[in-house]
Amino acid sequence: MDRNRLEFAVVSTAIGECALVWNEDAEIVGSTLPHGSSDQLRAAVRGWYPGAVEAPADPVEAAVEGLKHLLEDGEGDLAEIHLNMSAVPDFDRRVYEIVRAIPPGETRTYGEVATELGSPGAAQAVGQAMGRNPFPPIVPCHRVLAAGRRVGGFSARGGPRTKIRMLETEGVYLEQPTLFDL
């Protein structure tokens, strides 16, 4: 594979078609949650990564399986997936490293992440970094909440409703489930 060539694959998951983008070293350089139809997803990936070529996911098969498992039943640890963060600003990279350590079934607030960074007043900056996250859900931005365990923002299709459903798949309920939800 050419040293500068990026490849991507569309991956069918329990919540729809996602995509993984990787480099010649099989490092993930980007991922995305469902983005409308598969054609819209492909167009979005090609817009974010000009020149990326759709290819079989063999080089990143472990990432594909981990992604499917997480989105199907809320289990699995994607922390072992190697990400290439060379294009990510330092602050964002530090935020993503902290957020990657949040296991399925747990959450943190933007303020807690900021405190762990050593910047307790940077909750808003953490939220902005989450909004720029090029690796969802490998960097599980859905596990980061606003103060008071409120949902906060979510830039994926479906917005906060998608975030809530992803958390519920992992066993996190921000509100008590009703009999109809069980």
# chains A, B, ... in the order shown; residues from 1 in each chain; ligands from 1

call {"tool": "select_by_dssp", "arguments": {"residues": "segment 54-146 of chain A", "states": "strand (DSSP E or B)", "output": "list in words"}}
result
Glu54, Leu83, Arg108, Thr109, Val144, Leu145 and Ala146 of chain A

call {"tool": "write_last_selection", "arguments": {"atoms": "N, CA and C atoms", "output": "PDB file, in the first residue's frame"}}
result
ATOM      1  N   GLU A  54     -12.127   2.738  -0.738  1.00  0.00           N
ATOM      2  CA  GLU A  54     -12.846   1.669  -0.053  1.00  0.00           C
ATOM      3  C   GLU A  54     -12.139   0.343  -0.326  1.00  0.00           C
ATOM      4  N   LEU A  83      -4.839   3.780  17.431  1.00  0.00           N
ATOM      5  CA  LEU A  83      -5.257   4.996  16.728  1.00  0.00           C
ATOM      6  C   LEU A  83      -4.034   5.810  16.342  1.00  0.00           C
ATOM      7  N   ARG A 108     -18.414   9.705  32.736  1.00  0.00           N
ATOM      8  CA  ARG A 108     -17.757  10.819  33.413  1.00  0.00           C
ATOM      9  C   ARG A 108     -18.442  12.081  32.907  1.00  0.00           C
ATOM     10  N   THR A 109     -18.282  13.145  33.644  1.00  0.00           N
ATOM     11  CA  THR A 109     -18.781  14.432  33.161  1.00  0.00           C
ATOM     12  C   THR A 109     -17.623  15.155  32.459  1.00  0.00           C
ATOM     13  N   VAL A 144     -19.380  10.602  27.993  1.00  0.00           N
ATOM     14  CA  VAL A 144     -19.065  11.853  28.678  1.00  0.00           C
ATOM     15  C   VAL A 144     -20.332  12.699  28.716  1.00  0.00           C
ATOM     16  N   LEU A 145     -20.728  13.071  29.937  1.00  0.00           N
ATOM     17  CA  LEU A 145     -21.993  13.751  30.172  1.00  0.00           C
ATOM     18  C   LEU A 145     -21.776  15.177  30.676  1.00  0.00           C
ATOM     19  N   ALA A 146     -22.835  15.952  30.600  1.00  0.00           N
ATOM     20  CA  ALA A 146     -22.821  17.296  31.175  1.00  0.00           C
ATOM     21  C   ALA A 146     -22.960  17.177  32.696  1.00  0.00           C
TER      22      ALA A 146
END

call {"tool": "residues_around", "arguments": {"residues": "Ala55 of chain A", "least_positions_apart": "5", "cutoff": "8 Å", "atoms": "only C-alpha atoms", "output": "list in words"}}
result
Glu7, Phe8 and Ala9 of chain A

call {"tool": "residues_around", "arguments": {"residues": "Ile164 of chain A", "least_positions_apart": "3", "cutoff": "12 Å", "atoms": "only C-alpha atoms", "output": "ChimeraX atom specification"}}
result
/A:107,141-145,149-154,156,158-161,167-175,177

call {"tool": "closest_atom_pairs", "arguments": {"of": "segment 93-178 of chain A", "to": "segment 64-69 of chain A", "cutoff": "12 Å", "atoms": "only C-alpha atoms", "output": "Markdown table"}}
result
| residue | atom | partner | partner_atom | distance |
| --- | --- | --- | --- | --- |
| A:Pro104 | CA | A:His69 | CA | 11.6 |
| A:Phe135 | CA | A:Leu67 | CA | 11.3 |
| A:Pro136 | CA | A:Leu67 | CA | 9.8 |
| A:Pro137 | CA | A:Leu67 | CA | 7.7 |
| A:Ile138 | CA | A:Leu67 | CA | 7.5 |
| A:Val139 | CA | A:Leu67 | CA | 11.1 |
| A:Pro140 | CA | A:Leu67 | CA | 11.1 |
| A:Thr169 | CA | A:His69 | CA | 11.0 |
| A:Glu170 | CA | A:His69 | CA | 11.1 |

call {"tool": "residues_around", "arguments": {"residues": "Pro56 of chain A", "least_positions_apart": "3", "cutoff": "12 Å", "atoms": "only C-alpha atoms", "output": "PDB file with all heavy atoms, in the first residue's frame"}}
result
ATOM      1  N   GLU A   7      -7.288   3.818   3.438  1.00  0.00           N
ATOM      2  CA  GLU A   7      -8.367   2.925   3.030  1.00  0.00           C
ATOM      3  C   GLU A   7      -9.477   3.014   4.057  1.00  0.00           C
ATOM      4  O   GLU A   7      -9.256   3.408   5.207  1.00  0.00           O
ATOM      5  CB  GLU A   7      -7.849   1.486   2.911  1.00  0.00           C
ATOM      6  CG  GLU A   7      -6.833   1.330   1.797  1.00  0.00           C
ATOM      7  CD  GLU A   7      -6.352  -0.101   1.610  1.00  0.00           C
ATOM      8  OE1 GLU A   7      -6.416  -0.919   2.556  1.00  0.00           O
ATOM      9  OE2 GLU A   7      -5.884  -0.392   0.494  1.00  0.00           O
ATOM     10  N   PHE A   8     -10.689   2.662   3.617  1.00  0.00           N
ATOM     11  CA  PHE A   8     -11.814   2.654   4.546  1.00  0.00           C
ATOM     12  C   PHE A   8     -12.746   1.506   4.213  1.00  0.00           C
ATOM     13  O   PHE A   8     -12.737   0.972   3.104  1.00  0.00           O
ATOM     14  CB  PHE A   8     -12.568   3.996   4.527  1.00  0.00           C
ATOM     15  CG  PHE A   8     -13.451   4.232   3.339  1.00  0.00           C
ATOM     16  CD1 PHE A   8     -14.803   3.914   3.377  1.00  0.00           C
ATOM     17  CD2 PHE A   8     -12.932   4.792   2.172  1.00  0.00           C
ATOM     18  CE1 PHE A   8     -15.616   4.150   2.274  1.00  0.00           C
ATOM     19  CE2 PHE A   8     -13.730   5.036   1.078  1.00  0.00           C
ATOM     20  CZ  PHE A   8     -15.083   4.710   1.121  1.00  0.00           C
ATOM     21  N   ALA A   9     -13.525   1.142   5.207  1.00  0.00           N
ATOM     22  CA  ALA A   9     -14.545   0.107   5.029  1.00  0.00           C
ATOM     23  C   ALA A   9     -15.818   0.556   5.721  1.00  0.00           C
ATOM     24  O   ALA A   9     -15.773   1.201   6.778  1.00  0.00           O
ATOM     25  CB  ALA A   9     -14.071  -1.224   5.604  1.00  0.00           C
ATOM     26  N   VAL A  10     -16.927   0.222   5.109  1.00  0.00           N
ATOM     27  CA  VAL A  10     -18.238   0.426   5.710  1.00  0.00           C
ATOM     28  C   VAL A  10     -18.557  -0.854   6.473  1.00  0.00           C
ATOM     29  O   VAL A  10     -18.417  -1.956   5.948  1.00  0.00           O
ATOM     30  CB  VAL A  10     -19.295   0.733   4.632  1.00  0.00           C
ATOM     31  CG1 VAL A  10     -20.685   0.785   5.232  1.00  0.00           C
ATOM     32  CG2 VAL A  10     -18.950   2.040   3.928  1.00  0.00           C
ATOM     33  N   VAL A  11     -18.953  -0.688   7.727  1.00  0.00           N
ATOM     34  CA  VAL A  11     -19.165  -1.814   8.632  1.00  0.00           C
ATOM     35  C   VAL A  11     -20.610  -1.822   9.098  1.00  0.00           C
ATOM     36  O   VAL A  11     -21.082  -0.843   9.677  1.00  0.00           O
ATOM     37  CB  VAL A  11     -18.228  -1.690   9.861  1.00  0.00           C
ATOM     38  CG1 VAL A  11     -18.449  -2.836  10.819  1.00  0.00           C
ATOM     39  CG2 VAL A  11     -16.771  -1.593   9.421  1.00  0.00           C
ATOM     40  N   ALA A  19     -18.145   3.464   9.704  1.00  0.00           N
ATOM     41  CA  ALA A  19     -16.964   3.353   8.845  1.00  0.00           C
ATOM     42  C   ALA A  19     -15.704   3.440   9.680  1.00  0.00           C
ATOM     43  O   ALA A  19     -15.670   4.115  10.714  1.00  0.00           O
ATOM     44  CB  ALA A  19     -16.969   4.452   7.783  1.00  0.00           C
ATOM     45  N   LEU A  20     -14.689   2.734   9.212  1.00  0.00           N
ATOM     46  CA  LEU A  20     -13.341   2.822   9.767  1.00  0.00           C
ATOM     47  C   LEU A  20     -12.403   3.244   8.646  1.00  0.00           C
ATOM     48  O   LEU A  20     -12.523   2.752   7.520  1.00  0.00           O
ATOM     49  CB  LEU A  20     -12.884   1.473  10.314  1.00  0.00           C
ATOM     50  CG  LEU A  20     -13.641   0.918  11.520  1.00  0.00           C
ATOM     51  CD1 LEU A  20     -13.175  -0.490  11.837  1.00  0.00           C
ATOM     52  CD2 LEU A  20     -13.460   1.826  12.727  1.00  0.00           C
ATOM     53  N   VAL A  21     -11.475   4.133   8.950  1.00  0.00           N
ATOM     54  CA  VAL A  21     -10.478   4.602   7.991  1.00  0.00           C
ATOM     55  C   VAL A  21      -9.111   4.287   8.599  1.00  0.00           C
ATOM     56  O   VAL A  21      -8.874   4.565   9.775  1.00  0.00           O
ATOM     57  CB  VAL A  21     -10.600   6.125   7.744  1.00  0.00           C
ATOM     58  CG1 VAL A  21      -9.603   6.583   6.685  1.00  0.00           C
ATOM     59  CG2 VAL A  21     -12.026   6.509   7.358  1.00  0.00           C
ATOM     60  N   TRP A  22      -8.215   3.699   7.773  1.00  0.00           N
ATOM     61  CA  TRP A  22      -6.902   3.327   8.298  1.00  0.00           C
ATOM     62  C   TRP A  22      -5.798   3.657   7.311  1.00  0.00           C
ATOM     63  O   TRP A  22      -6.044   3.879   6.139  1.00  0.00           O
ATOM     64  CB  TRP A  22      -6.866   1.843   8.676  1.00  0.00           C
ATOM     65  CG  TRP A  22      -7.057   0.894   7.526  1.00  0.00           C
ATOM     66  CD1 TRP A  22      -6.076   0.325   6.762  1.00  0.00           C
ATOM     67  CD2 TRP A  22      -8.289   0.397   6.998  1.00  0.00           C
ATOM     68  NE1 TRP A  22      -6.623  -0.487   5.801  1.00  0.00           N
ATOM     69  CE2 TRP A  22      -7.985  -0.473   5.923  1.00  0.00           C
ATOM     70  CE3 TRP A  22      -9.636   0.593   7.324  1.00  0.00           C
ATOM     71  CZ2 TRP A  22      -8.959  -1.122   5.173  1.00  0.00           C
ATOM     72  CZ3 TRP A  22     -10.609  -0.060   6.585  1.00  0.00           C
ATOM     73  CH2 TRP A  22     -10.268  -0.906   5.526  1.00  0.00           C
ATOM     74  N   VAL A  53      -9.680   5.177  -0.220  1.00  0.00           N
ATOM     75  CA  VAL A  53     -10.203   4.165  -1.129  1.00  0.00           C
ATOM     76  C   VAL A  53     -10.926   3.094  -0.314  1.00  0.00           C
ATOM     77  O   VAL A  53     -10.381   2.589   0.681  1.00  0.00           O
ATOM     78  CB  VAL A  53      -9.042   3.522  -1.926  1.00  0.00           C
ATOM     79  CG1 VAL A  53      -9.529   2.403  -2.809  1.00  0.00           C
ATOM     80  CG2 VAL A  53      -8.320   4.589  -2.741  1.00  0.00           C
ATOM     81  N   PRO A  59      -7.166  -5.731   7.145  1.00  0.00           N
ATOM     82  CA  PRO A  59      -6.086  -5.225   8.009  1.00  0.00           C
ATOM     83  C   PRO A  59      -6.567  -4.734   9.378  1.00  0.00           C
ATOM     84  O   PRO A  59      -5.771  -4.634  10.310  1.00  0.00           O
ATOM     85  CB  PRO A  59      -5.484  -4.067   7.217  1.00  0.00           C
ATOM     86  CG  PRO A  59      -5.943  -4.262   5.814  1.00  0.00           C
ATOM     87  CD  PRO A  59      -7.256  -4.979   5.902  1.00  0.00           C
ATOM     88  N   VAL A  60      -7.846  -4.414   9.489  1.00  0.00           N
ATOM     89  CA  VAL A  60      -8.383  -3.872  10.743  1.00  0.00           C
ATOM     90  C   VAL A  60      -9.531  -4.736  11.268  1.00  0.00           C
ATOM     91  O   VAL A  60     -10.425  -4.251  11.945  1.00  0.00           O
ATOM     92  CB  VAL A  60      -8.818  -2.396  10.560  1.00  0.00           C
ATOM     93  CG1 VAL A  60      -7.613  -1.502  10.291  1.00  0.00           C
ATOM     94  CG2 VAL A  60      -9.857  -2.253   9.458  1.00  0.00           C
ATOM     95  N   GLU A  61      -9.471  -6.019  10.972  1.00  0.00           N
ATOM     96  CA  GLU A  61     -10.568  -6.929  11.342  1.00  0.00           C
ATOM     97  C   GLU A  61     -10.842  -6.934  12.845  1.00  0.00           C
ATOM     98  O   GLU A  61     -11.995  -6.994  13.269  1.00  0.00           O
ATOM     99  CB  GLU A  61     -10.283  -8.347  10.851  1.00  0.00           C
ATOM    100  CG  GLU A  61     -11.480  -9.280  10.964  1.00  0.00           C
ATOM    101  CD  GLU A  61     -12.718  -8.802  10.202  1.00  0.00           C
ATOM    102  OE1 GLU A  61     -12.574  -8.238   9.104  1.00  0.00           O
ATOM    103  OE2 GLU A  61     -13.832  -8.991  10.728  1.00  0.00           O
ATOM    104  N   VAL A  64     -12.962  -4.007  13.570  1.00  0.00           N
ATOM    105  CA  VAL A  64     -14.320  -4.235  13.067  1.00  0.00           C
ATOM    106  C   VAL A  64     -15.112  -5.086  14.054  1.00  0.00           C
ATOM    107  O   VAL A  64     -16.242  -4.753  14.427  1.00  0.00           O
ATOM    108  CB  VAL A  64     -14.287  -4.915  11.675  1.00  0.00           C
ATOM    109  CG1 VAL A  64     -15.664  -5.412  11.273  1.00  0.00           C
ATOM    110  CG2 VAL A  64     -13.731  -3.958  10.633  1.00  0.00           C
TER     111      VAL A  64
END

call {"tool": "residues_around", "arguments": {"residues": "segment 85-96 of chain A", "least_positions_apart": "5", "cutoff": "9 Å", "atoms": "only C-alpha atoms", "output": "number ranges by chain"}}
result
A: 28-29, 101, 113-114, 117, 125-126, 128-130, 132-135, 139-141

call {"tool": "closest_residue", "arguments": {"among": "A:Arg5, A:Leu71, A:Ser12, A:Gly47", "to": "Lys163 of chain A", "atoms": "only C-alpha atoms"}}
result
A:Leu71

call {"tool": "atom_distance", "arguments": {"atom1": "atom CA of Leu41 of chain A", "atom2": "atom CA of Gly16 of chain A"}}
result
10.5 Å

call {"tool": "atom_distance", "arguments": {"atom1": "atom CA of Leu78 of chain A", "atom2": "atom CA of Glu97 of chain A"}}
result
12.0 Å

call {"tool": "select_by_dssp", "arguments": {"residues": "segment 47-174 of chain A", "states": "helix (DSSP H, G or I)", "output": "count of residues only"}}
result
63

call {"tool": "atom_distance", "arguments": {"atom1": "atom CA of Ile81 of chain A", "atom2": "atom CA of Ala63 of chain A"}}
result
6.0 Å
